[in-house]
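**Q** So I've got this file, upload-v9.txt, and it contains compact mmCIF, C-alpha atoms:
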```
# COMPACT_ATOMS: atom_id res chain seq x y z
CA MET A 286 0.00 0.00 0.00
CA ARG A 287 2.33 2.64 -1.34
CA ILE A 288 -0.42 5.26 -1.42
CA ALA A 289 1.04 7.03 1.59
CA ALA A 290 1.57 10.65 0.51
CA LEU A 291 0.64 13.16 3.20
CA MET A 292 -0.54 10.38 5.50
CA ILE A 293 -3.16 9.08 3.08
CA CYS A 294 -2.43 5.90 5.03
CA ALA A 295 -4.58 3.08 3.82
CA ALA A 296 -7.57 5.30 3.17
CA LEU A 297 -7.62 4.53 -0.53
CA LEU A 298 -7.35 0.78 -0.15
CA SER A 299 -8.44 -0.12 3.36
CA GLY A 300 -10.99 2.57 4.18
CA CYS A 301 -9.40 4.45 7.09
CA SER A 302 -11.76 6.95 8.67
CA TRP A 303 -10.21 10.42 8.70
CA PHE A 304 -13.03 12.18 10.39
CA GLY A 305 -13.72 10.09 13.47
CA GLY A 306 -16.66 8.14 12.11
CA ASN A 307 -17.78 5.07 14.01
CA LYS A 308 -17.84 2.81 10.97
CA GLU A 309 -14.83 1.87 8.91
CA GLU A 310 -15.03 -0.23 5.79
CA VAL A 311 -12.04 -2.56 5.91
CA ILE A 312 -11.13 -4.18 2.64
CA LYS A 313 -9.42 -7.47 3.39
CA PRO A 314 -6.89 -9.11 1.10
CA ALA A 315 -8.34 -11.98 -0.91
CA GLU A 316 -7.80 -15.36 0.70
CA LEU A 317 -5.48 -17.59 -1.29
CA GLN A 318 -7.11 -20.64 -2.81
CA PRO A 319 -5.35 -23.97 -3.43
CA ILE A 320 -3.64 -24.26 -6.81
CA ARG A 321 -2.29 -27.11 -8.89
CA ALA A 322 1.45 -26.43 -8.94
CA GLN A 323 3.17 -27.11 -12.25
CA VAL A 324 6.51 -25.52 -11.40
CA GLN A 325 8.59 -25.70 -8.25
CA ILE A 326 9.98 -22.55 -6.67
CA VAL A 327 13.21 -23.84 -5.15
CA PRO A 328 15.28 -21.77 -2.67
CA ILE A 329 18.97 -21.53 -3.63
CA TRP A 330 20.32 -19.13 -1.03
CA ASP A 331 19.12 -16.51 1.42
CA ARG A 332 21.05 -13.50 2.73
CA ARG A 333 20.11 -10.83 5.28
CA LEU A 334 21.10 -7.43 3.91
CA GLY A 335 20.17 -5.30 6.91
CA ASP A 336 17.27 -4.04 8.96
CA LYS A 337 13.64 -3.80 7.99
CA ALA A 338 12.52 -0.72 6.05
CA ASN A 339 10.60 1.86 8.10
CA ASP A 340 9.00 3.52 5.08
CA ARG A 341 6.02 1.52 3.78
CA ALA A 342 6.66 3.04 0.36
CA SER A 343 10.18 1.62 0.28
CA ALA A 344 10.65 -0.83 -2.59
CA LEU A 345 14.39 -1.46 -2.78
CA ARG A 346 15.27 -4.09 -5.33
CA PRO A 347 18.49 -5.79 -6.46
CA ALA A 348 20.26 -5.13 -9.75
CA LEU A 349 22.36 -7.38 -12.00
CA ASP A 350 25.46 -6.28 -13.89
CA GLY A 351 28.77 -7.83 -14.88
CA GLY A 352 27.91 -11.22 -13.43
CA ARG A 353 27.22 -9.85 -9.94
CA ILE A 354 24.15 -9.08 -7.86
CA PHE A 355 24.00 -5.69 -6.15
CA ALA A 356 21.50 -5.01 -3.38
CA ALA A 357 20.90 -2.51 -0.57
CA SER A 358 19.09 -2.43 2.75
CA ALA A 359 17.06 0.49 4.04
CA ASP A 360 19.50 1.05 6.92
CA GLY A 361 22.36 1.79 4.53
CA ASN A 362 24.14 -1.42 3.55
CA VAL A 363 25.10 -1.89 -0.10
CA VAL A 364 26.26 -5.40 -0.97
CA ALA A 365 27.86 -6.99 -4.03
CA MET A 366 27.48 -10.76 -4.38
CA ALA A 367 28.55 -13.52 -6.71
CA PRO A 368 25.71 -15.56 -8.27
CA GLY A 369 26.24 -18.26 -5.66
CA GLY A 370 25.47 -15.78 -2.88
CA ARG A 371 29.07 -15.22 -1.74
CA PRO A 372 29.62 -11.60 -0.61
CA VAL A 373 32.24 -9.75 -2.65
CA TRP A 374 32.07 -6.48 -0.72
CA ASP A 375 29.75 -4.75 1.76
CA VAL A 376 29.61 -0.99 2.38
CA ASN A 377 27.33 1.15 4.55
CA VAL A 378 26.63 4.51 2.91
CA ARG A 379 26.56 6.21 6.33
CA ASP A 380 30.29 5.51 6.59
CA LEU A 381 30.87 7.65 3.51
CA TYR A 382 29.88 10.73 5.52
CA THR A 383 31.79 12.47 8.31
CA PRO A 384 30.46 12.12 11.89
CA VAL A 385 29.13 15.68 11.70
CA GLU A 386 27.40 15.00 8.38
CA ARG A 387 25.88 11.76 9.71
CA ALA A 388 24.49 13.58 12.74
CA ASN A 389 22.93 16.25 10.54
CA VAL A 390 21.53 14.27 7.63
CA PHE A 391 20.59 10.80 8.92
CA ALA A 392 17.74 10.92 11.41
CA LYS A 393 16.86 8.04 13.71
CA ARG A 394 14.07 5.74 12.52
CA ILE A 395 14.42 7.18 9.00
CA ASP A 396 15.69 4.88 6.25
CA ALA A 397 19.20 5.78 5.09
CA ILE A 398 18.64 4.46 1.56
CA THR A 399 15.38 5.50 -0.08
CA GLY A 400 15.91 4.57 -3.75
CA GLY A 401 17.79 1.85 -5.57
CA VAL A 402 19.53 -0.18 -6.63
CA ALA A 403 20.79 0.67 -10.13
CA ALA A 404 23.93 -0.79 -11.71
CA GLY A 405 25.74 0.07 -14.93
CA SER A 406 28.85 1.76 -16.36
CA ASP A 407 30.90 0.15 -13.54
CA LEU A 408 28.78 1.96 -10.93
CA VAL A 409 26.26 1.00 -8.26
CA VAL A 410 23.91 3.91 -7.50
CA VAL A 411 21.44 4.54 -4.66
CA GLY A 412 19.43 7.50 -3.40
CA THR A 413 19.82 8.43 0.27
CA SER A 414 17.74 10.26 2.85
CA ALA A 415 20.55 12.84 2.89
CA GLY A 416 19.05 14.08 -0.38
CA GLU A 417 21.89 12.76 -2.47
CA ILE A 418 22.71 10.32 -5.22
CA VAL A 419 25.58 8.07 -4.11
CA ALA A 420 27.60 6.21 -6.74
CA LEU A 421 29.96 3.38 -5.73
CA ASN A 422 32.56 1.61 -7.84
CA GLN A 423 31.37 -1.90 -8.71
CA SER A 424 34.85 -3.36 -8.27
CA ASP A 425 35.27 -2.73 -4.54
CA GLY A 426 32.39 -0.56 -3.25
CA SER A 427 34.57 2.54 -2.90
CA LEU A 428 32.93 5.93 -3.33
CA ALA A 429 32.94 7.16 -6.93
CA TRP A 430 30.98 10.36 -6.26
CA ARG A 431 28.11 11.96 -4.37
CA ALA A 432 25.73 14.47 -5.91
CA ARG A 433 22.93 16.55 -4.42
CA SER A 434 19.48 15.63 -5.74
CA THR A 435 16.72 18.20 -6.07
CA SER A 436 14.50 16.24 -3.66
CA GLU A 437 13.93 12.72 -2.31
CA VAL A 438 14.67 9.91 -4.78
CA LEU A 439 12.46 6.86 -4.17
CA ALA A 440 13.03 4.82 -7.34
CA PRO A 441 16.17 3.41 -8.95
CA VAL A 442 17.95 5.77 -11.29
CA GLY A 443 18.53 5.09 -14.97
CA ILE A 444 22.12 4.64 -16.21
CA ASN A 445 23.89 4.59 -19.55
CA ARG A 446 27.54 5.12 -20.49
CA ASP A 447 27.27 8.91 -20.22
CA PHE A 448 24.62 9.79 -17.64
CA VAL A 449 22.90 8.81 -14.43
CA ILE A 450 19.26 9.95 -14.65
CA ALA A 451 17.42 10.47 -11.35
CA GLN A 452 13.76 11.34 -10.85
CA SER A 453 12.73 12.95 -7.56
CA ILE A 454 9.36 13.40 -5.91
CA ASP A 455 9.29 17.15 -6.60
CA GLY A 456 8.55 16.49 -10.29
CA LYS A 457 12.12 16.92 -11.52
CA VAL A 458 14.40 14.71 -13.61
CA ALA A 459 18.13 15.42 -13.44
CA ALA A 460 21.09 14.12 -15.45
CA TYR A 461 24.44 13.58 -13.74
CA ASP A 462 27.74 12.89 -15.48
CA VAL A 463 28.56 9.22 -15.01
CA LEU A 464 32.25 10.03 -14.38
CA ASP A 465 32.07 12.69 -11.66
CA GLY A 466 28.41 13.25 -10.76
CA ALA A 467 28.31 16.80 -12.13
CA ARG A 468 24.74 17.82 -12.87
CA ARG A 469 24.26 18.45 -16.60
CA TRP A 470 20.58 19.39 -16.82
CA VAL A 471 17.28 19.41 -14.92
CA TYR A 472 13.79 19.01 -16.38
CA SER A 473 10.87 20.23 -14.24
CA THR A 474 7.14 19.71 -14.38
CA ALA A 475 4.25 20.88 -12.20
CA VAL A 476 3.30 18.59 -9.31
CA PRO A 477 -0.28 18.41 -8.00
CA SER A 478 -0.91 19.42 -4.39
CA LEU A 479 -1.56 15.79 -3.42
CA THR A 480 0.35 12.88 -4.93
CA LEU A 481 1.11 9.24 -4.29
CA ARG A 482 4.40 8.59 -2.53
CA GLY A 483 6.64 7.32 -5.28
CA THR A 484 7.90 7.84 -8.83
CA THR A 485 8.62 5.69 -11.82
CA THR A 486 12.14 4.73 -12.88
CA PRO A 487 13.27 6.65 -15.97
CA ILE A 488 14.07 4.55 -19.05
CA VAL A 489 17.37 5.64 -20.60
CA THR A 490 18.01 4.80 -24.26
CA ALA A 491 20.92 5.78 -26.52
CA ASP A 492 19.50 9.26 -27.09
CA ALA A 493 16.41 9.74 -24.90
CA VAL A 494 14.91 9.55 -21.42
CA ILE A 495 11.34 8.24 -21.09
CA THR A 496 9.44 8.87 -17.87
CA GLY A 497 6.10 9.80 -16.32
CA PHE A 498 4.95 12.20 -13.63
CA ALA A 499 2.36 12.73 -10.90
CA ASN A 500 0.37 15.00 -13.22
CA GLY A 501 -0.45 12.03 -15.45
CA ARG A 502 1.88 13.01 -18.29
CA MET A 503 4.59 10.98 -20.01
CA VAL A 504 7.53 12.75 -21.58
CA VAL A 505 10.40 11.79 -23.85
CA LEU A 506 13.45 13.98 -23.18
CA ASP A 507 16.52 14.56 -25.30
CA LEU A 508 19.31 12.80 -23.40
CA GLN A 509 21.98 15.43 -24.02
CA ARG A 510 19.96 18.56 -23.18
CA GLY A 511 16.91 17.44 -21.20
CA LEU A 512 14.43 19.06 -23.60
CA ALA A 513 11.02 17.45 -24.11
CA GLY A 514 10.46 16.10 -27.61
CA ILE A 515 7.21 14.36 -26.67
CA ASP A 516 4.83 15.39 -23.88
CA GLN A 517 1.72 13.19 -23.85
CA ARG A 518 -1.19 13.21 -21.41
CA VAL A 519 -1.91 9.65 -20.21
CA ALA A 520 -4.64 10.50 -17.70
CA LEU A 521 -6.97 13.40 -17.01
CA ALA A 522 -7.78 14.26 -13.40
CA GLN A 523 -11.48 13.83 -12.65
CA GLY A 524 -13.61 14.20 -9.57
CA LYS A 525 -14.13 16.88 -6.94
CA THR A 526 -11.67 15.88 -4.22
CA ASP A 527 -7.88 15.74 -4.38
CA LEU A 528 -8.05 11.99 -3.72
CA GLU A 529 -10.36 11.45 -6.67
CA ARG A 530 -8.04 13.50 -8.87
CA LEU A 531 -4.87 11.47 -8.21
CA ILE A 532 -3.49 10.31 -11.57
CA ASP A 533 0.18 9.60 -10.78
CA ILE A 534 2.42 7.57 -13.05
CA ASP A 535 4.47 5.62 -10.49
CA GLY A 536 4.77 2.12 -11.94
CA ARG A 537 7.16 0.60 -14.44
CA ILE A 538 6.91 1.93 -18.00
CA MET A 539 7.39 -0.72 -20.68
CA LEU A 540 9.41 -0.14 -23.84
CA ASP A 541 9.05 -2.49 -26.82
CA GLY A 542 11.02 -1.29 -29.82
CA TYR A 543 9.55 2.07 -30.84
CA HIS A 544 6.39 1.52 -28.83
CA THR A 545 6.03 2.47 -25.20
CA PHE A 546 3.30 1.41 -22.75
CA VAL A 547 2.46 3.40 -19.63
CA ALA A 548 -0.26 3.19 -16.97
CA SER A 549 -1.44 5.76 -14.44
CA TYR A 550 -3.38 5.56 -11.23
CA GLN A 551 -7.11 6.20 -11.79
CA GLY A 552 -6.48 6.89 -15.46
CA SER A 553 -5.54 4.65 -18.35
CA LEU A 554 -3.10 2.25 -19.92
CA MET A 555 -1.78 3.82 -23.12
CA ALA A 556 0.35 2.56 -25.99
CA MET A 557 2.31 5.20 -27.88
CA ASP A 558 4.50 5.36 -30.98
CA LEU A 559 7.80 7.02 -30.07
CA ASN A 560 8.44 8.06 -33.67
CA ASP A 561 5.78 10.74 -33.58
CA GLY A 562 4.32 10.67 -30.07
CA ARG A 563 1.01 9.42 -31.44
CA PRO A 564 -1.17 7.34 -29.08
CA LEU A 565 -1.94 3.95 -30.62
CA TRP A 566 -4.62 2.89 -28.18
CA ALA A 567 -5.75 3.45 -24.62
CA VAL A 568 -7.96 1.60 -22.13
CA ASP A 569 -9.28 2.60 -18.72
CA ALA A 570 -6.92 1.29 -16.05
CA SER A 571 -5.50 2.09 -12.62
CA SER A 572 -2.08 0.97 -11.43
CA THR A 573 0.69 2.06 -9.09
CA ALA A 574 2.90 -0.96 -9.84
CA GLY A 575 3.10 -0.82 -13.61
CA LEU A 576 3.75 -3.19 -16.44
CA ALA A 577 5.61 -6.15 -17.87
CA GLY A 578 5.56 -7.58 -21.38
CA GLY A 579 5.77 -10.93 -23.16
CA PHE A 580 3.95 -13.29 -25.54
CA GLY A 581 2.63 -10.26 -27.42
CA ASN A 582 0.91 -9.04 -24.27
CA VAL A 583 1.37 -6.21 -21.82
CA TYR A 584 0.65 -7.28 -18.23
CA LEU A 585 -0.80 -4.80 -15.75
CA ALA A 586 -0.93 -5.16 -11.96
CA ALA A 587 -4.05 -3.12 -11.23
CA ALA A 588 -4.46 -0.98 -8.12
CA ASP A 589 -7.13 -3.38 -6.82
CA GLY A 590 -4.86 -6.43 -7.20
CA SER A 591 -6.22 -7.75 -10.47
CA LEU A 592 -3.71 -9.03 -13.02
CA ILE A 593 -4.74 -8.22 -16.59
CA ALA A 594 -3.16 -9.10 -19.93
CA TYR A 595 -3.78 -6.83 -22.92
CA ASP A 596 -2.81 -7.41 -26.53
CA THR A 597 0.03 -5.03 -27.38
CA GLY A 598 -1.34 -4.49 -30.88
CA ASP A 599 -4.82 -3.22 -30.14
CA GLY A 600 -5.30 -3.15 -26.34
CA ASP A 601 -7.90 -5.92 -26.32
CA GLU A 602 -8.08 -7.84 -23.05
CA VAL A 603 -6.56 -11.32 -23.34
CA TRP A 604 -7.20 -12.55 -19.80
CA GLN A 605 -7.83 -11.32 -16.27
CA ASN A 606 -7.08 -12.97 -12.93
CA ASP A 607 -8.91 -11.50 -9.90
CA SER A 608 -7.73 -14.04 -7.32
CA LEU A 609 -5.16 -11.68 -5.74
CA LYS A 610 -7.38 -8.68 -5.14
CA HIS A 611 -6.25 -6.22 -2.46
CA ARG A 612 -2.99 -8.13 -1.88
CA ASP A 613 -0.87 -5.08 -2.83
CA LEU A 614 0.96 -6.73 -5.71
CA THR A 615 4.43 -5.88 -6.91
CA THR A 616 5.18 -4.99 -10.48
CA PRO A 617 4.88 -8.26 -12.47
CA THR A 618 8.02 -9.80 -13.98
CA THR A 619 8.19 -12.22 -16.90
CA ILE A 620 10.40 -15.29 -16.68
CA SER A 621 10.39 -17.89 -19.45
CA SER A 622 6.70 -18.50 -20.25
CA TYR A 623 5.59 -17.36 -16.80
CA LEU A 624 4.69 -14.22 -14.89
CA ALA A 625 5.96 -13.71 -11.31
CA VAL A 626 4.49 -11.30 -8.78
CA GLY A 627 4.86 -10.80 -5.01
CA ASP A 628 2.33 -9.67 -2.41
CA LEU A 629 1.89 -8.07 1.02
CA GLU A 630 2.05 -11.38 2.91
CA GLY A 631 5.40 -12.43 1.49
CA TYR A 632 4.05 -14.83 -1.16
CA LEU A 633 5.56 -15.19 -4.61
CA HIS A 634 3.00 -16.20 -7.22
CA VAL A 635 3.80 -17.65 -10.65
CA LEU A 636 1.22 -17.57 -13.46
CA ALA A 637 1.17 -18.74 -17.06
CA GLN A 638 1.55 -15.90 -19.53
CA SER A 639 -0.77 -17.66 -21.96
CA ASP A 640 -3.94 -17.64 -19.86
CA GLY A 641 -3.18 -16.25 -16.38
CA ARG A 642 -3.67 -19.50 -14.47
CA PHE A 643 -1.56 -20.14 -11.37
CA VAL A 644 1.28 -22.60 -11.88
CA GLY A 645 3.30 -22.03 -8.69
CA ARG A 646 3.31 -20.30 -5.32
CA ARG A 647 5.69 -20.04 -2.38
CA LYS A 648 5.74 -18.01 0.84
CA VAL A 649 9.27 -16.64 0.91
CA ASP A 650 9.05 -14.36 3.96
CA SER A 651 6.72 -13.14 6.69
CA ASP A 652 7.42 -9.54 5.61
CA PRO A 653 5.84 -8.05 2.47
CA LEU A 654 7.32 -8.21 -0.99
CA ARG A 655 7.14 -4.66 -2.35
CA SER A 656 9.74 -4.72 -5.13
CA PRO A 657 9.44 -6.83 -8.28
CA PRO A 658 11.51 -10.01 -8.67
CA VAL A 659 14.67 -9.65 -10.75
CA VAL A 660 15.25 -12.35 -13.37
CA ASP A 661 18.48 -14.03 -14.44
CA GLY A 662 17.71 -17.00 -16.69
CA SER A 663 15.58 -19.41 -14.66
CA ARG A 664 16.55 -17.72 -11.41
CA LEU A 665 14.60 -15.07 -9.50
CA TYR A 666 16.13 -12.67 -6.99
CA VAL A 667 13.53 -11.45 -4.50
CA GLN A 668 14.06 -8.75 -1.87
CA THR A 669 11.69 -8.48 1.07
CA GLN A 670 10.61 -5.47 3.11
CA GLY A 671 12.34 -7.16 6.04
CA GLY A 672 15.79 -6.73 4.50
CA ARG A 673 16.35 -10.21 3.10
CA LEU A 674 17.50 -11.18 -0.39
CA LEU A 675 16.62 -14.63 -1.71
CA ALA A 676 17.69 -16.50 -4.81
CA LEU A 677 14.98 -18.84 -6.11
CA GLU A 678 14.93 -21.21 -9.06
CA LEU A 679 11.94 -22.21 -11.18
CA ARG A 680 12.00 -25.92 -12.01
```
If you convert what's in this file into structure tokens, what do you get?
**A**
Amino acid sequence: MRIAALMICAALLSGCSWFGGNKEEVIKPAELQPIRAQVQIVPIWDRRLGDKANDRASALRPALDGGRIFAASADGNVVAMAPGGRPVWDVNVRDLYTPVERANVFAKRIDAITGGVAAGSDLVVVGTSAGEIVALNQSDGSLAWRARSTSEVLAPVGINRDFVIAQSIDGKVAAYDVLDGARRWVYSTAVPSLTLRGTTTPIVTADAVITGFANGRMVVLDLQRGLAGIDQRVALAQGKTDLERLIDIDGRIMLDGYHTFVASYQGSLMAMDLNDGRPLWAVDASSTAGLAGGFGNVYLAAADGSLIAYDTGDGDEVWQNDSLKHRDLTTPTTISSYLAVGDLEGYLHVLAQSDGRFVGRRKVDSDPLRSPPVVDGSRLYVQTQGGRLLALELR
């Protein structure tokens, strides 16, 4: 339940009473029904990264690069591991600051790392509660550079050989030089007075940055200068209250060749041609988790917990699975011919991409899964809200 901005709490999903009413409508997560398992989810190794995240919106996830796994805990640990789970190095970002800086910028009971992890160009990059982007060298975890962000960074950054692209919750996207962290440009957009707590992760291509904002717009920026070449409205705010008018784009945007797919909260799922910025199709949808793609489909984890497959060509619904309603699903991830998704009770669910039926399930932790699984061949890396990283194999 990432919808936590300005203490929205669980009002949108679990019916909190703000005004002292005697009755509260509590929406309970759907009870899991028995399934016929067709694949086994086999644990390979399990490592504790650090303490449990204090921020319910925290969704730290591991990253793969150069044959290693990089992961971070909310209390500041950044770890590099070999595929077999052996630690290569372990650094706490707090130790990169002087005692005076630590006392001033890291408050008690506040997560030290708020966004990450991203890996690329020999760097591992996280966002910290100090309001900075911290880049470490992949080889040994030493500090490459630190750069001031315009505001809190809650999602992993995007990286290519030239730039690190960070999106912050104040509606800004900034480009930092991959070599020294010098800020090269900033793109700004207007932010509504009330937003969901979170942002999407920018997609960085050879010459563009693709991202979405809390105002329901998706933009394509020139990578070198940060100028908008495409600015497309995905959702239009409707309703009388600020809650009804929330249309944030917080979930994963999907890129397939020259077509991009993006979903907003209380808005739509839209397919767009990047050549001319022309919308190809759109359907009513609501999601804070975002999208995955495969088998000619785009898979949406809806805000109510439904999983829906749409045809990428025309937006027609292919299948819908409502068995996980109100279980606060992660962004779905495709692996082989399957779709993997985690939930608030620590379960990992595996479905067939062809028709959405369940083919596997495993409870991997008592803490919630809030970040999507990361895939490497037949292996899944899953990070829990409790600060654990697990390697699982589908067999």
**Q** Find the spatial neighbours of Ser639 in chain A, counting only C-alpha atoms, within a cut-off of 10 Å - ignore same-chain residues fewer than 6 positions away - and output them as a PyMOL selection string.
**A** chain A and resi 579-582+594+603-604+622-624
**Q** Can you pull out the residues contacting Ser571 in chain A? Cut-off 8 Å, using only C-alpha atoms, and skip same-chain residues under 5 positions away; I want them as a PyMOL selection string.
**A** chain A and resi 548-554+587-588
**Q** What does the distance from CA of Ser453 in chain A to CA of Val489 in chain A come to in Å, to one decimal?
**A** 15.7 Å
**Q** Please determine, counting all atoms listed in the file, which residue among A:Trp374, A:Tyr666, A:Gly501, A:Asp541 has the shortest atom-to-atom distance to Gln523 in chain A.
**A**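 Closest candidate: A:Gly501.
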**Q** What does the distance between CA of Gly405 in chain A and CA of Leu439 in chain A come to in Å, to one decimal place?
**A**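 Here the two named atoms are 18.4 Å from each other.
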**Q** Hey, what's within 7 Å of Asn377 in chain A if we count all atoms listed in the file and toss same-chain stuff fewer than 6 positions away? As a short mmCIF file (atom, residue, chain, number, x, y, z; two decimals) with C-alpha atoms, keeping the file's coordinate frame, please?
**A**
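See selection.cif below for the written result:
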```
data_model
loop_
_atom_site.label_atom_id
_atom_site.label_comp_id
_atom_site.auth_asym_id
_atom_site.auth_seq_id
_atom_site.Cartn_x
_atom_site.Cartn_y
_atom_site.Cartn_z
CA GLY A 361 22.36 1.79 4.53
CA ASN A 362 24.14 -1.42 3.55
CA VAL A 363 25.10 -1.89 -0.10
#
```
**Q** How many Å lie between CA of Gly562 in chain A and CA of Thr618 in chain A, rounded to one decimal?
**A**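 CA of Gly562 in chain A sits 26.3 Å away from CA of Thr618 in chain A.
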**Q** If we count all atoms listed in the file, what is near Val644 in chain A at a cut-off of 12 Å, once residues fewer than 2 positions away on the same chain are taken out, given as an mmCIF file with C-alpha atoms, keeping the file's coordinate frame?
**A**
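Saved the output as selection-v7.cif:
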```
data_model
loop_
_atom_site.group_PDB
_atom_site.id
_atom_site.type_symbol
_atom_site.label_atom_id
_atom_site.label_comp_id
_atom_site.auth_asym_id
_atom_site.auth_seq_id
_atom_site.Cartn_x
_atom_site.Cartn_y
_atom_site.Cartn_z
ATOM 1 C CA PRO A 319 -5.350 -23.970 -3.430
ATOM 2 C CA ILE A 320 -3.640 -24.260 -6.810
ATOM 3 C CA ARG A 321 -2.290 -27.110 -8.890
ATOM 4 C CA ALA A 322 1.450 -26.430 -8.940
ATOM 5 C CA GLN A 323 3.170 -27.110 -12.250
ATOM 6 C CA VAL A 324 6.510 -25.520 -11.400
ATOM 7 C CA GLN A 325 8.590 -25.700 -8.250
ATOM 8 C CA ILE A 326 9.980 -22.550 -6.670
ATOM 9 C CA SER A 622 6.700 -18.500 -20.250
ATOM 10 C CA TYR A 623 5.590 -17.360 -16.800
ATOM 11 C CA LEU A 624 4.690 -14.220 -14.890
ATOM 12 C CA ALA A 625 5.960 -13.710 -11.310
ATOM 13 C CA LEU A 633 5.560 -15.190 -4.610
ATOM 14 C CA HIS A 634 3.000 -16.200 -7.220
ATOM 15 C CA VAL A 635 3.800 -17.650 -10.650
ATOM 16 C CA LEU A 636 1.220 -17.570 -13.460
ATOM 17 C CA ALA A 637 1.170 -18.740 -17.060
ATOM 18 C CA GLN A 638 1.550 -15.900 -19.530
ATOM 19 C CA SER A 639 -0.770 -17.660 -21.960
ATOM 20 C CA ASP A 640 -3.940 -17.640 -19.860
ATOM 21 C CA GLY A 641 -3.180 -16.250 -16.380
ATOM 22 C CA ARG A 642 -3.670 -19.500 -14.470
ATOM 23 C CA ARG A 646 3.310 -20.300 -5.320
ATOM 24 C CA ARG A 647 5.690 -20.040 -2.380
ATOM 25 C CA LEU A 679 11.940 -22.210 -11.180
ATOM 26 C CA ARG A 680 12.000 -25.920 -12.010
#
```
**Q** Name all residues at most 7 Å from Met555 in chain A (count all atoms listed in the file; drop same-chain ones fewer than 5 positions away) and give them as an NGL selection string.
**A** :A and (519 or 546-548 or 564 or 566-568)
**Q** Point out the residue among A:Thr480, A:Ser608, A:Gln423, A:Asn389 with the least atom-to-atom distance to Phe643 in chain A, counting only C-alpha atoms.
**A**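 The closest residue to Phe643 in chain A is A:Ser608.
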**Q** Counting all atoms listed in the file, figure out which residue out of A:Ser424, A:Gln509, A:Thr485, A:Asn560 gets nearest to Leu576 in chain A.
**A**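 Of A:Ser424, A:Gln509, A:Thr485, A:Asn560, the one nearest Leu576 in chain A is A:Thr485, counting all atoms listed in the file.
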**Q** Under the rule that all atoms listed in the file are counted, which of A:Ala676, A:Gly671, A:Leu614, A:Asp599 is the nearest residue to Asp360 in chain A?
**A**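 Answer, going by the shortest atom-to-atom distance: A:Gly671.
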**Q** In terms of the shortest atom-to-atom distance over all atoms listed in the file, which of A:Arg446, A:Lys648, A:Lys393, A:Arg518 is closest to Asp462 in chain A?
**A**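 The shortest atom-to-atom distance to Asp462 in chain A comes from A:Arg446.
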**Q** Quick one: contact table of range 564-667 of chain A to range 341-357 of chain A, 12 Å max, nearest atom pair and distance in Å to one decimal per residue, counting all atoms listed in the file, chain and number order, as JSON lines?
**A**
```
{"residue": "A:Thr573", "atom": "CA", "partner": "A:Ala342", "partner_atom": "CA", "distance": 11.2}
{"residue": "A:Ala574", "atom": "CA", "partner": "A:Ala344", "partner_atom": "CA", "distance": 10.6}
{"residue": "A:Asp613", "atom": "CA", "partner": "A:Ala342", "partner_atom": "CA", "distance": 11.5}
{"residue": "A:Leu614", "atom": "CA", "partner": "A:Ala344", "partner_atom": "CA", "distance": 11.8}
{"residue": "A:Thr615", "atom": "CA", "partner": "A:Ala344", "partner_atom": "CA", "distance": 9.1}
{"residue": "A:Thr616", "atom": "CA", "partner": "A:Ala344", "partner_atom": "CA", "distance": 10.5}
{"residue": "A:Gly627", "atom": "CA", "partner": "A:Ala344", "partner_atom": "CA", "distance": 11.8}
{"residue": "A:Leu629", "atom": "CA", "partner": "A:Arg341", "partner_atom": "CA", "distance": 10.8}
{"residue": "A:Asp652", "atom": "CA", "partner": "A:Arg341", "partner_atom": "CA", "distance": 11.3}
{"residue": "A:Pro653", "atom": "CA", "partner": "A:Arg341", "partner_atom": "CA", "distance": 9.7}
{"residue": "A:Leu654", "atom": "CA", "partner": "A:Ala344", "partner_atom": "CA", "distance": 8.3}
{"residue": "A:Arg655", "atom": "CA", "partner": "A:Ala344", "partner_atom": "CA", "distance": 5.2}
{"residue": "A:Ser656", "atom": "CA", "partner": "A:Ala344", "partner_atom": "CA", "distance": 4.7}
{"residue": "A:Pro657", "atom": "CA", "partner": "A:Arg346", "partner_atom": "CA", "distance": 7.1}
{"residue": "A:Pro658", "atom": "CA", "partner": "A:Arg346", "partner_atom": "CA", "distance": 7.8}
{"residue": "A:Val659", "atom": "CA", "partner": "A:Pro347", "partner_atom": "CA", "distance": 6.9}
{"residue": "A:Val660", "atom": "CA", "partner": "A:Leu349", "partner_atom": "CA", "distance": 8.8}
{"residue": "A:Asp661", "atom": "CA", "partner": "A:Leu349", "partner_atom": "CA", "distance": 8.1}
{"residue": "A:Gly662", "atom": "CA", "partner": "A:Leu349", "partner_atom": "CA", "distance": 11.7}
{"residue": "A:Arg664", "atom": "CA", "partner": "A:Leu349", "partner_atom": "CA", "distance": 11.9}
{"residue": "A:Leu665", "atom": "CA", "partner": "A:Pro347", "partner_atom": "CA", "distance": 10.5}
{"residue": "A:Tyr666", "atom": "CA", "partner": "A:Pro347", "partner_atom": "CA", "distance": 7.3}
{"residue": "A:Val667", "atom": "CA", "partner": "A:Arg346", "partner_atom": "CA", "distance": 7.6}
```
**Q** Using all atoms listed in the file, collect all residues at a distance of at most 12 Å from (35.9, 9.0, -1.7) as written in the file, then present them as number ranges by chain.
**A** A: 378, 380-383, 419-422, 426-431, 465
**Q** Pick the closest to Val505 in chain A from A:Ala475, A:Leu521, A:Leu559, A:Leu677: which is it, counting all atoms listed in the file?
**A**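 Looking at the shortest contact to Val505 in chain A, the residue is A:Leu559.
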